[in-house]
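> This one is coords-v1.cif, mmCIF, C-alpha atoms.
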```
data_upload
#
loop_
_atom_site.label_atom_id
_atom_site.label_comp_id
_atom_site.auth_asym_id
_atom_site.auth_seq_id
_atom_site.Cartn_x
_atom_site.Cartn_y
_atom_site.Cartn_z
CA MET U 642 -38.73 -17.91 -146.90
CA THR U 643 -37.01 -15.71 -144.39
CA ASP U 644 -38.61 -17.67 -141.55
CA LEU U 645 -37.26 -20.95 -142.91
CA ARG U 646 -33.80 -19.45 -143.35
CA GLN U 647 -33.86 -18.16 -139.78
CA THR U 648 -34.94 -21.53 -138.42
CA LYS U 649 -32.07 -23.17 -140.30
CA THR U 650 -29.60 -20.68 -138.88
CA TYR U 651 -30.86 -21.32 -135.37
CA ALA U 652 -30.60 -25.06 -135.85
CA VAL U 653 -26.98 -24.77 -137.01
CA LEU U 654 -26.12 -22.46 -134.11
CA THR U 655 -27.72 -24.78 -131.56
CA ALA U 656 -25.83 -27.75 -132.96
CA ALA U 657 -22.57 -25.81 -132.82
CA LEU U 658 -23.22 -24.79 -129.19
CA PHE U 659 -24.01 -28.41 -128.27
CA MET U 660 -20.76 -29.61 -129.81
CA MET U 661 -18.80 -26.89 -128.03
CA SER U 662 -20.31 -27.77 -124.67
CA LEU U 663 -19.46 -31.45 -125.24
CA LEU U 664 -15.87 -30.52 -126.03
CA PHE U 665 -15.69 -28.29 -122.95
CA MET U 666 -17.00 -31.05 -120.67
CA ALA U 667 -14.44 -33.49 -122.06
CA GLY U 668 -11.71 -30.92 -121.47
CA ALA U 669 -12.86 -30.32 -117.89
CA ALA U 670 -12.87 -34.05 -117.16
CA GLY U 671 -9.37 -34.35 -118.56
CA ALA U 672 -8.08 -31.46 -116.41
CA GLY U 673 -9.45 -33.04 -113.18
CA GLU U 674 -5.99 -33.54 -111.70
CA GLU U 675 -5.12 -29.84 -111.98
CA ARG U 676 -7.72 -28.65 -109.49
CA VAL U 677 -6.75 -26.29 -106.69
CA PRO U 678 -5.25 -28.54 -103.99
CA LEU U 679 -7.24 -28.93 -100.79
CA PRO U 680 -5.92 -26.76 -97.97
CA HIS U 681 -3.94 -28.29 -95.12
CA PRO U 682 -3.77 -25.62 -92.42
CA ALA U 683 -0.44 -25.36 -90.65
CA MET U 684 -0.87 -26.87 -87.20
CA SER U 685 0.93 -25.22 -84.33
CA GLU U 686 2.55 -27.27 -81.58
CA LYS U 687 -0.08 -26.05 -79.12
CA ALA U 688 -2.94 -27.10 -81.39
CA GLN U 689 -1.34 -30.49 -81.97
CA LYS U 690 -0.90 -31.09 -78.27
CA ALA U 691 -4.49 -30.15 -77.48
CA GLU U 692 -6.70 -33.16 -78.10
CA ASN U 693 -9.68 -31.07 -79.07
CA CYS U 694 -10.32 -27.55 -80.18
CA VAL U 695 -12.96 -25.66 -78.12
CA ALA U 696 -15.49 -27.70 -80.14
CA PRO U 697 -15.10 -30.76 -82.41
CA VAL U 698 -13.05 -29.93 -85.50
CA SER U 699 -15.90 -30.59 -87.95
CA GLU U 700 -18.11 -28.21 -86.00
CA MET U 701 -15.41 -25.54 -85.84
CA ARG U 702 -14.81 -25.77 -89.59
CA ARG U 703 -18.45 -25.06 -90.33
CA TYR U 704 -19.48 -22.71 -87.56
CA HIS U 705 -16.39 -20.86 -86.26
CA MET U 706 -17.49 -17.61 -87.91
CA GLN U 707 -20.89 -17.67 -86.22
CA TYR U 708 -19.31 -18.51 -82.85
CA LEU U 709 -16.80 -15.67 -83.19
CA LYS U 710 -19.47 -13.18 -84.20
CA HIS U 711 -21.78 -14.22 -81.38
CA GLN U 712 -19.05 -13.90 -78.79
CA ARG U 713 -17.76 -10.57 -80.07
CA VAL U 714 -21.22 -9.09 -79.46
CA GLU U 715 -21.42 -10.67 -76.02
CA THR U 716 -17.97 -9.43 -75.02
CA LEU U 717 -17.99 -5.93 -76.45
CA ARG U 718 -21.59 -4.91 -75.89
CA LYS U 719 -22.41 -6.85 -72.73
CA GLY U 720 -18.97 -7.18 -71.19
CA VAL U 721 -19.02 -10.99 -70.90
CA ARG U 722 -15.46 -12.26 -70.53
CA GLY U 723 -13.78 -15.64 -70.52
CA ASN U 724 -15.96 -17.53 -73.01
CA PRO U 725 -14.10 -19.98 -75.25
CA TYR U 726 -14.77 -18.64 -78.76
CA SER U 727 -12.54 -15.57 -78.74
CA LEU U 728 -10.35 -14.53 -81.63
CA LYS U 729 -7.56 -14.03 -79.11
CA SER U 730 -7.64 -17.69 -78.09
CA CYS U 731 -7.81 -18.79 -81.76
CA VAL U 732 -4.64 -16.80 -82.41
CA ASN U 733 -2.88 -17.88 -79.23
CA CYS U 734 -3.41 -21.57 -79.96
CA HIS U 735 -3.16 -21.75 -83.75
CA ALA U 736 -0.33 -19.27 -84.42
CA VAL U 737 2.84 -20.66 -85.98
CA LYS U 738 6.25 -19.07 -86.42
CA ASP U 739 6.13 -16.54 -89.22
CA LYS U 740 9.26 -15.31 -91.00
CA ALA U 741 7.39 -12.25 -92.31
CA ALA U 742 6.67 -11.18 -88.73
CA GLY U 743 10.29 -11.54 -87.65
CA GLY U 744 9.90 -15.04 -86.18
CA ALA U 745 6.90 -14.17 -84.00
CA ARG U 746 3.98 -16.60 -83.94
CA THR U 747 1.13 -15.39 -86.16
CA ALA U 748 -2.20 -16.91 -87.17
CA ASP U 749 -1.76 -15.96 -90.84
CA ALA U 750 -0.68 -19.39 -92.08
CA PHE U 751 -3.49 -21.20 -90.27
CA CYS U 752 -6.34 -18.82 -91.10
CA SER U 753 -5.42 -17.92 -94.66
CA SER U 754 -4.95 -21.47 -95.95
CA CYS U 755 -8.67 -22.28 -95.96
CA HIS U 756 -9.82 -18.72 -96.57
CA LYS U 757 -7.71 -18.55 -99.72
CA TYR U 758 -9.12 -21.86 -100.91
CA ALA U 759 -12.70 -20.73 -100.27
CA ALA U 760 -11.99 -17.23 -101.68
CA VAL U 761 -13.08 -15.64 -98.40
CA THR U 762 -11.69 -12.25 -97.49
CA ILE U 763 -11.69 -11.65 -93.75
CA ASP U 764 -10.80 -8.31 -92.19
CA CYS U 765 -10.34 -9.50 -88.60
CA PHE U 766 -6.64 -8.73 -88.69
CA SER U 767 -6.94 -5.20 -89.99
CA CYS U 768 -7.86 -4.26 -86.40
CA HIS U 769 -7.00 -7.31 -84.26
CA THR U 770 -3.41 -8.39 -83.94
CA ASN U 771 -2.49 -11.63 -85.68
CA LYS U 772 0.38 -12.21 -83.27
CA ALA U 773 0.13 -14.62 -80.37
CA ALA U 774 0.57 -13.10 -76.93
CA ASP U 775 3.79 -14.96 -76.19
CA ARG U 776 5.66 -13.70 -73.21
CA LYS U 777 9.11 -12.55 -74.15
CA LYS U 778 11.87 -14.27 -72.25
CA THR U 779 13.69 -11.46 -70.51
CA SER U 780 17.01 -11.84 -68.82
CA ALA U 781 16.12 -9.01 -66.43
CA VAL U 782 13.81 -11.23 -64.38
CA GLN U 783 15.84 -14.03 -62.78
CA SER U 784 14.92 -16.63 -60.26
CA PRO U 785 16.71 -16.38 -56.87
CA VAL U 786 18.63 -19.60 -57.64
CA SER U 787 19.94 -18.35 -60.97
CA GLN U 788 20.79 -14.98 -59.35
CA LEU U 789 22.86 -16.79 -56.72
CA ALA U 790 24.52 -18.93 -59.38
CA ALA U 791 25.40 -15.83 -61.41
CA HIS U 792 26.78 -14.12 -58.29
CA LEU U 793 28.96 -17.13 -57.41
CA GLU U 794 30.20 -17.39 -60.98
CA LYS U 795 31.14 -13.71 -60.99
CA ALA U 796 32.92 -14.07 -57.63
CA ALA U 797 34.88 -17.07 -58.93
CA LYS U 798 35.86 -15.10 -62.03
CA ASP U 799 36.98 -12.13 -59.93
CA ARG U 800 39.09 -14.47 -57.77
CA SER U 801 40.73 -16.02 -60.79
CA LEU U 802 41.51 -12.56 -62.13
CA LEU U 803 43.17 -11.61 -58.81
CA LYS U 804 45.52 -14.58 -59.09
CA MET K 86 -10.15 -36.88 -66.26
CA SER K 87 -13.65 -36.88 -67.70
CA THR K 88 -15.14 -33.68 -69.05
CA SER K 89 -17.64 -33.24 -66.21
CA ASN K 90 -14.95 -33.78 -63.57
CA LYS K 91 -12.68 -31.35 -65.30
CA GLN K 92 -15.44 -28.75 -65.47
CA THR K 93 -16.15 -29.12 -61.75
CA ALA K 94 -12.48 -28.77 -60.95
CA ASP K 95 -12.24 -25.70 -63.19
CA LEU K 96 -15.25 -24.17 -61.50
CA ALA K 97 -13.84 -24.79 -58.02
CA ARG K 98 -10.53 -23.29 -59.09
CA ARG K 99 -12.28 -20.31 -60.59
CA ARG K 100 -14.25 -19.71 -57.40
CA PHE K 101 -11.06 -19.92 -55.38
CA LEU K 102 -9.31 -17.51 -57.75
CA SER K 103 -12.17 -14.98 -57.77
CA GLY K 104 -12.17 -15.12 -54.00
CA ALA K 105 -8.44 -14.49 -53.95
CA VAL K 106 -8.75 -11.62 -56.39
CA ALA K 107 -11.48 -10.01 -54.28
CA LEU K 108 -8.92 -9.57 -51.52
CA GLY K 109 -6.64 -7.50 -53.71
CA SER K 110 -7.10 -3.79 -53.39
CA VAL K 111 -5.37 -0.52 -54.08
CA SER K 112 -4.60 1.35 -50.91
CA ILE K 113 -2.74 4.51 -50.04
CA ALA K 114 -0.33 5.14 -47.19
CA SER K 115 -3.00 6.07 -44.65
CA GLY K 116 -4.51 2.60 -44.99
CA PHE K 117 -7.56 4.11 -46.66
CA THR K 118 -8.83 1.77 -49.38
CA LEU K 119 -9.35 3.53 -52.67
CA TYR K 120 -10.96 0.77 -54.64
CA THR K 121 -11.48 -2.88 -53.89
CA ALA K 122 -10.76 -4.84 -57.02
CA SER K 123 -12.67 -7.94 -57.98
CA ALA K 124 -12.73 -9.53 -61.42
CA ARG K 125 -16.19 -10.20 -62.73
CA PRO K 126 -16.84 -13.96 -62.80
CA LYS K 127 -16.36 -15.69 -66.12
CA GLY K 128 -19.39 -15.52 -68.40
CA GLU K 129 -21.19 -12.83 -66.43
CA PRO K 130 -22.20 -9.59 -68.20
CA ALA K 131 -21.49 -6.10 -66.89
CA SER K 132 -24.14 -5.07 -64.39
CA SER K 133 -26.23 -1.91 -64.36
CA LYS K 134 -25.95 -1.98 -60.56
CA ILE K 135 -22.46 -0.58 -61.05
CA ARG K 136 -21.69 2.83 -62.50
CA TRP K 137 -18.01 3.33 -62.98
CA GLY K 138 -16.77 6.84 -62.47
CA LEU K 139 -13.69 8.97 -62.03
CA LEU K 140 -13.03 11.94 -59.80
CA ILE K 141 -10.15 14.13 -60.87
CA ASP K 142 -8.66 16.45 -58.28
CA THR K 143 -7.25 19.35 -60.25
CA GLY K 144 -5.66 20.65 -57.06
CA LYS K 145 -3.40 17.60 -57.00
CA CYS K 146 -3.01 17.36 -60.78
CA GLU K 147 0.39 18.70 -61.74
CA ASP K 148 1.73 19.84 -65.07
CA CYS K 149 2.84 16.31 -65.97
CA ASN K 150 1.87 13.85 -68.67
CA ILE K 151 1.97 10.59 -66.72
CA CYS K 152 -1.69 9.65 -67.30
CA VAL K 153 -1.44 10.34 -71.04
CA GLU K 154 1.74 8.28 -71.40
CA ALA K 155 0.25 5.42 -69.36
CA CYS K 156 -2.82 5.38 -71.61
CA LYS K 157 -0.65 5.39 -74.75
CA THR K 158 1.41 2.47 -73.48
CA GLU K 159 -1.60 0.50 -72.31
CA ASN K 160 -3.77 0.95 -75.37
CA GLY K 161 -1.11 1.53 -78.03
CA TRP K 162 -2.45 4.71 -79.68
CA GLU K 163 0.88 6.43 -80.25
CA GLY K 164 0.50 9.00 -83.04
CA HIS K 165 2.39 8.89 -86.31
CA ARG K 166 3.54 12.44 -86.88
CA GLY K 167 2.25 14.34 -83.90
CA ASN K 168 -0.19 16.30 -86.04
CA LEU K 169 -3.78 17.21 -85.33
CA THR K 170 -5.20 14.08 -86.95
CA ASP K 171 -3.39 11.76 -84.54
CA PRO K 172 -5.66 9.82 -82.19
CA GLN K 173 -5.89 11.17 -78.68
CA TRP K 174 -7.76 9.23 -76.03
CA ILE K 175 -6.71 11.47 -73.15
CA ARG K 176 -5.09 14.90 -73.22
CA LYS K 177 -3.86 17.44 -70.71
CA VAL K 178 -5.59 20.81 -70.88
CA GLY K 179 -3.89 23.87 -69.42
CA LEU K 180 -6.03 26.71 -68.04
CA THR K 181 -4.89 30.16 -66.99
CA ASP K 182 -7.06 32.61 -65.09
CA LYS K 183 -6.58 35.89 -66.96
CA ARG K 184 -7.17 38.05 -63.89
CA THR K 185 -5.09 36.21 -61.31
CA GLY K 186 -2.72 34.31 -63.58
CA LYS K 187 -3.48 31.10 -61.69
CA LYS K 188 -2.61 28.09 -63.80
CA GLN K 189 -4.32 24.72 -63.76
CA SER K 190 -3.72 21.54 -65.67
CA LEU K 191 -6.23 18.73 -65.96
CA PRO K 192 -6.74 15.59 -68.03
CA VAL K 193 -9.76 15.38 -70.36
CA MET K 194 -10.89 12.11 -71.87
CA CYS K 195 -14.22 10.48 -72.64
CA LEU K 196 -16.37 11.49 -69.67
CA HIS K 197 -18.62 8.43 -70.04
CA CYS K 198 -21.88 10.41 -69.92
CA GLU K 199 -25.06 9.03 -68.45
CA TYR K 200 -26.85 10.43 -71.53
CA PRO K 201 -24.16 10.25 -74.20
CA PRO K 202 -24.90 12.37 -77.31
CA CYS K 203 -22.44 10.25 -79.33
CA VAL K 204 -24.76 7.26 -78.86
CA ASP K 205 -27.82 9.29 -79.88
CA VAL K 206 -26.36 10.39 -83.21
CA CYS K 207 -24.69 7.15 -84.35
CA PRO K 208 -26.51 6.01 -87.52
CA VAL K 209 -25.39 2.38 -87.25
CA GLY K 210 -25.58 1.70 -83.52
CA ALA K 211 -21.81 1.40 -83.17
CA SER K 212 -21.56 4.05 -80.48
CA MET K 213 -22.94 2.45 -77.34
CA LYS K 214 -23.11 2.52 -73.57
CA ARG K 215 -22.41 -0.63 -71.61
CA ALA K 216 -24.63 -1.56 -68.67
CA ASP K 217 -22.02 -0.34 -66.18
CA GLY K 218 -21.90 3.11 -67.78
CA ILE K 219 -18.81 2.72 -69.98
CA VAL K 220 -19.30 4.40 -73.37
CA LEU K 221 -17.65 2.46 -76.19
CA VAL K 222 -17.43 2.27 -79.98
CA ASP K 223 -18.29 -1.10 -81.53
CA ARG K 224 -15.74 -0.85 -84.30
CA HIS K 225 -17.17 -3.91 -86.00
CA LEU K 226 -20.11 -1.70 -86.93
CA CYS K 227 -18.46 1.74 -87.12
CA ILE K 228 -18.52 3.18 -90.65
CA GLY K 229 -16.27 6.11 -89.77
CA CYS K 230 -18.84 8.85 -90.42
CA ARG K 231 -17.61 10.84 -87.41
CA TYR K 232 -21.05 12.14 -86.37
CA CYS K 233 -20.20 11.12 -82.81
CA MET K 234 -17.05 13.24 -82.91
CA MET K 235 -19.18 16.26 -83.84
CA ALA K 236 -21.79 15.45 -81.20
CA CYS K 237 -19.30 15.11 -78.32
CA PRO K 238 -18.96 18.48 -76.56
CA TYR K 239 -15.68 17.37 -74.97
CA GLY K 240 -13.82 16.49 -78.17
CA ALA K 241 -13.09 13.11 -76.64
CA ARG K 242 -13.21 10.95 -79.74
CA SER K 243 -10.61 10.44 -82.47
CA PHE K 244 -10.76 9.10 -85.97
CA VAL K 245 -8.03 6.67 -87.02
CA HIS K 246 -6.62 8.10 -90.24
CA GLU K 247 -3.59 5.88 -90.59
CA LYS K 248 -3.17 2.15 -90.93
CA VAL K 249 -2.54 0.53 -87.56
CA THR K 250 -0.12 -2.33 -86.91
CA ASN K 251 1.12 -4.09 -83.77
CA GLN K 252 -2.07 -3.62 -81.81
CA LYS K 253 -2.35 -4.96 -78.30
CA PRO K 254 -4.21 -8.30 -78.19
CA TYR K 255 -6.78 -6.81 -75.80
CA MET K 256 -7.16 -3.51 -77.65
CA PRO K 257 -7.92 -3.91 -81.36
CA ARG K 258 -7.66 -0.66 -83.35
CA GLY K 259 -8.16 -0.06 -87.04
CA GLN K 260 -8.04 2.52 -89.77
CA GLY K 261 -11.32 4.19 -90.71
CA THR K 262 -13.04 3.87 -87.34
CA VAL K 263 -13.66 6.20 -84.42
CA GLU K 264 -12.17 5.42 -81.03
CA SER K 265 -11.93 6.91 -77.58
CA CYS K 266 -11.14 6.16 -73.95
CA THR K 267 -12.69 2.83 -72.93
CA LEU K 268 -12.08 3.54 -69.23
CA CYS K 269 -9.78 0.52 -69.67
CA ALA K 270 -12.83 -1.79 -69.80
CA HIS K 271 -10.51 -4.77 -70.34
CA ARG K 272 -8.73 -3.98 -67.07
CA ILE K 273 -11.93 -3.24 -65.15
CA ASP K 274 -13.39 -6.59 -66.23
CA ASP K 275 -10.18 -8.16 -64.96
CA GLY K 276 -10.52 -6.48 -61.56
CA ARG K 277 -7.87 -3.84 -62.19
CA ILE K 278 -8.12 -0.05 -62.26
CA PRO K 279 -7.65 2.09 -65.42
CA ALA K 280 -4.04 2.60 -66.52
CA CYS K 281 -4.14 6.40 -66.07
CA VAL K 282 -5.40 6.10 -62.50
CA GLU K 283 -2.81 3.46 -61.66
CA ALA K 284 0.01 5.61 -63.08
CA CYS K 285 -1.19 8.74 -61.27
CA THR K 286 -1.50 6.86 -57.96
CA LYS K 287 1.93 5.24 -58.37
CA SER K 288 3.51 8.64 -59.07
CA GLY K 289 2.28 9.74 -55.63
CA ARG K 290 0.04 12.54 -56.93
CA GLU K 291 -3.19 10.60 -56.41
CA ALA K 292 -5.17 13.13 -58.41
CA MET K 293 -7.45 10.47 -59.92
CA LEU K 294 -9.97 8.44 -57.95
CA PHE K 295 -11.75 5.54 -59.62
CA GLY K 296 -14.72 3.61 -58.33
CA ASP K 297 -18.38 2.71 -58.37
CA LEU K 298 -20.63 5.78 -58.19
CA ASN K 299 -23.65 3.60 -57.37
CA ASP K 300 -22.03 2.16 -54.25
CA PRO K 301 -22.46 4.65 -51.38
CA GLN K 302 -19.60 2.93 -49.52
CA SER K 303 -17.02 3.40 -52.30
CA ALA K 304 -14.28 5.97 -51.76
CA ILE K 305 -15.36 7.96 -54.79
CA SER K 306 -19.00 8.18 -53.63
CA LYS K 307 -17.92 9.23 -50.12
CA ARG K 308 -15.67 11.94 -51.54
CA ILE K 309 -18.36 13.23 -53.90
CA VAL K 310 -20.65 13.68 -50.91
CA GLN K 311 -17.93 15.54 -48.97
CA VAL K 312 -16.68 17.98 -51.59
CA SER K 313 -18.37 19.99 -54.30
CA THR K 314 -17.57 18.52 -57.69
CA THR K 315 -17.78 19.99 -61.16
CA LYS K 316 -19.33 18.33 -64.17
CA LEU K 317 -17.89 19.80 -67.35
CA ARG K 318 -20.62 21.62 -69.30
CA ALA K 319 -23.20 20.66 -66.69
CA ASP K 320 -25.65 22.90 -68.58
CA LEU K 321 -25.91 20.25 -71.29
CA GLY K 322 -27.39 17.76 -68.80
CA LEU K 323 -25.28 14.85 -70.03
CA GLU K 324 -24.39 13.77 -66.47
CA PRO K 325 -20.78 12.75 -67.09
CA ASN K 326 -19.41 9.99 -64.87
CA VAL K 327 -16.00 11.67 -64.86
CA ARG K 328 -16.09 14.62 -62.50
CA TYR K 329 -13.63 17.25 -61.37
CA VAL K 330 -12.90 18.72 -57.97
CA ASN K 331 -11.03 21.96 -57.09
CA PHE K 332 -11.92 23.28 -60.50
#
```
What's the structure tokens form of this structure?


Amino acid sequence: MTDLRQTKTYAVLTAALFMMSLLFMAGAAGAGEERVPLPHPAMSEKAQKAENCVAPVSEMRRYHMQYLKHQRVETLRKGVRGNPYSLKSCVNCHAVKDKAAGGARTADAFCSSCHKYAAVTIDCFSCHTNKAADRKKTSAVQSPVSQLAAHLEKAAKDRSLLK
Amino acid sequence: MSTSNKQTADLARRRFLSGAVALGSVSIASGFTLYTASARPKGEPASSKIRWGLLIDTGKCEDCNICVEACKTENGWEGHRGNLTDPQWIRKVGLTDKRTGKKQSLPVMCLHCEYPPCVDVCPVGASMKRADGIVLVDRHLCIGCRYCMMACPYGARSFVHEKVTNQKPYMPRGQGTVESCTLCAHRIDDGRIPACVEACTKSGREAMLFGDLNDPQSAISKRIVQVSTTKLRADLGLEPNVRYVNF
């Protein structure tokens, strides 16, 4: 008797589970439009101007991590310099203006868009800088022509003050 | 321009540039060349034919901090609170002879040993020696156990306790890893001399001499033959590549 009762209970439970899974599948199909949107990495001016990345884009998407890791070993442990797959050149080309960094170009927007989508946590930027090595425009260094122009302007001003 | 043409042009340009760089050198007033700089060609690893070394003349070394400041600026390791846990890649050590009262001041940094004990003890292979004798920490692998700091008889290594921001693009640094003087490997690979040596030479003291210890024609090798040099804790047999003179 107990065996029969148990079998019945199992049958009811299985049927209930089947119904629930059907309902769930229908729900998932209905919610198709609410998926996480595909990432569209922010493209910097430099990256837009360059026709190609250091390798075709499809290749970079799939293998950039292996390339970076391979080159980091080559550079740090063997001292090989100047190869194309460096994190520094990624940052320098792909960085876009970042309000959080006070207007400096950072690679955050570009790198994090896909990494967030793929739920990948990278720790590159806990040691490496995420800022592009942009040269600051300093007024201290002037070309000879602009120096002469500034001198003439100052002289003209002085003359007008004398009058 | 097709890819192959562009590559050929790039190569020709690179050859021309490396040739031009080879002409650059650091010289002192007497016209005596200290070190002929040449950037290693692109894609070529560091060679074991070279052994970079430093010779520090404590007779010329004054009680200044120029080398330390130059290193801080170059590598960006400024401390947070000036306490004992702050990183310190190079420090000035003052010595006083108790009998005569003679005072000496000398810089101590990673001495880039031929047989580095820090490399022997590292459990993860992060502490390493490059082919040209530069001892480095691969901070991708470093777990921050600090065995190397205990093994180093010169106290040359530091642990990064605090979070680091605004690193230099060529000198990544991060919390939880061990770091030390890299002999400015990034500059050497670029055909330049270490920042401390450059600053000391520019200040006119010229207490630091940098060069290839394997090249008998280099200024440092010639000087080592002429004068008697001191290896710190020579009894340990670590054969440091940074040596002292007048000490």

> At what distance in Å, to one decimal, does CA of Arg722 in chain U lie from CA of Pro126 in chain K?

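Computing the Euclidean distance for CA of Pro126 in chain K and CA of Arg722 in chain U yields 8.0 Å.
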
> Using all atoms listed in the file, which residues sit within 8 Å of Ser133 in chain K once same-chain residues fewer than 3 positions away are excluded, as JSON, numbers by chain?

{"K": [136, 216, 217, 218]}

> Write out the residues from the selection above, keeping C-alpha atoms, as a compact mmCIF listing (two decimals), keeping the file's coordinate frame.


```txt
# COMPACT_ATOMS: atom_id res chain seq x y z
CA ARG K 136 -21.69 2.83 -62.50
CA ALA K 216 -24.63 -1.56 -68.67
CA ASP K 217 -22.02 -0.34 -66.18
CA GLY K 218 -21.90 3.11 -67.78
```

> Which distance in Å separates CA of Cys269 in chain K and CA of Ala155 in chain K, to one decimal?

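Between CA of Cys269 in chain K and CA of Ala155 in chain K the gap works out to 11.2 Å.
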
> Provide as a PyMOL selection string the residues of chain K at most 12 Å from chain U, counting all atoms listed in the file.

chain K and resi 88+99+124-133+161+210-226+245+247-262+264+267+270-276

> To test your reading of the syntax: which residues would the PyMOL selection byres ((chain K and resi 203-206) around 12) return for the file shown? Reply as a ChimeraX atom specification.

/K:195-202,207-215,219-223,227,230-242,263-265,323

> Got a sec to check which residues sit within 9 Å of (-4.3, -28.2, -93.5), counting all atoms listed in the file, and write them as a VMD selection string?

chain U and resid 679 to 684 751 754 to 755

> If I take CA of Asp171 in chain K and CA of Val327 in chain K, how far is one from the other in Å, to one decimal?

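Here the two named atoms are 23.4 Å from each other.
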
> Just the residues within 6 Å of Tyr329 in chain K, please, counting only C-alpha atoms, with nothing from its chain fewer than 2 positions along; format it as a PyMOL selection string.

chain K and resi 140-142+314-315

> List every protein, DNA or RNA residue that has at least one atom no more than 12 Å from (1.0, 16.4, -69.9) in the file's coordinates, counting only C-alpha atoms, and write the result as a list of chain:residue names.

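The answer, in the requested form, is K:Cys146, K:Glu147, K:Asp148, K:Cys149, K:Asn150, K:Ile151, K:Cys152, K:Val153, K:Glu154, K:Ala155, K:Cys156, K:Ile175, K:Arg176, K:Lys177, K:Val178, K:Gly179, K:Gln189, K:Ser190, K:Leu191, K:Pro192, K:Val193, K:Cys281, K:Cys285.
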
> Just the residues within 12 Å of Arg308 in chain K, please, counting only C-alpha atoms, with nothing from its chain fewer than 2 positions along; format it as a ChimeraX atom specification.

/K:119,139-142,293-298,300-306,310-314,328-330
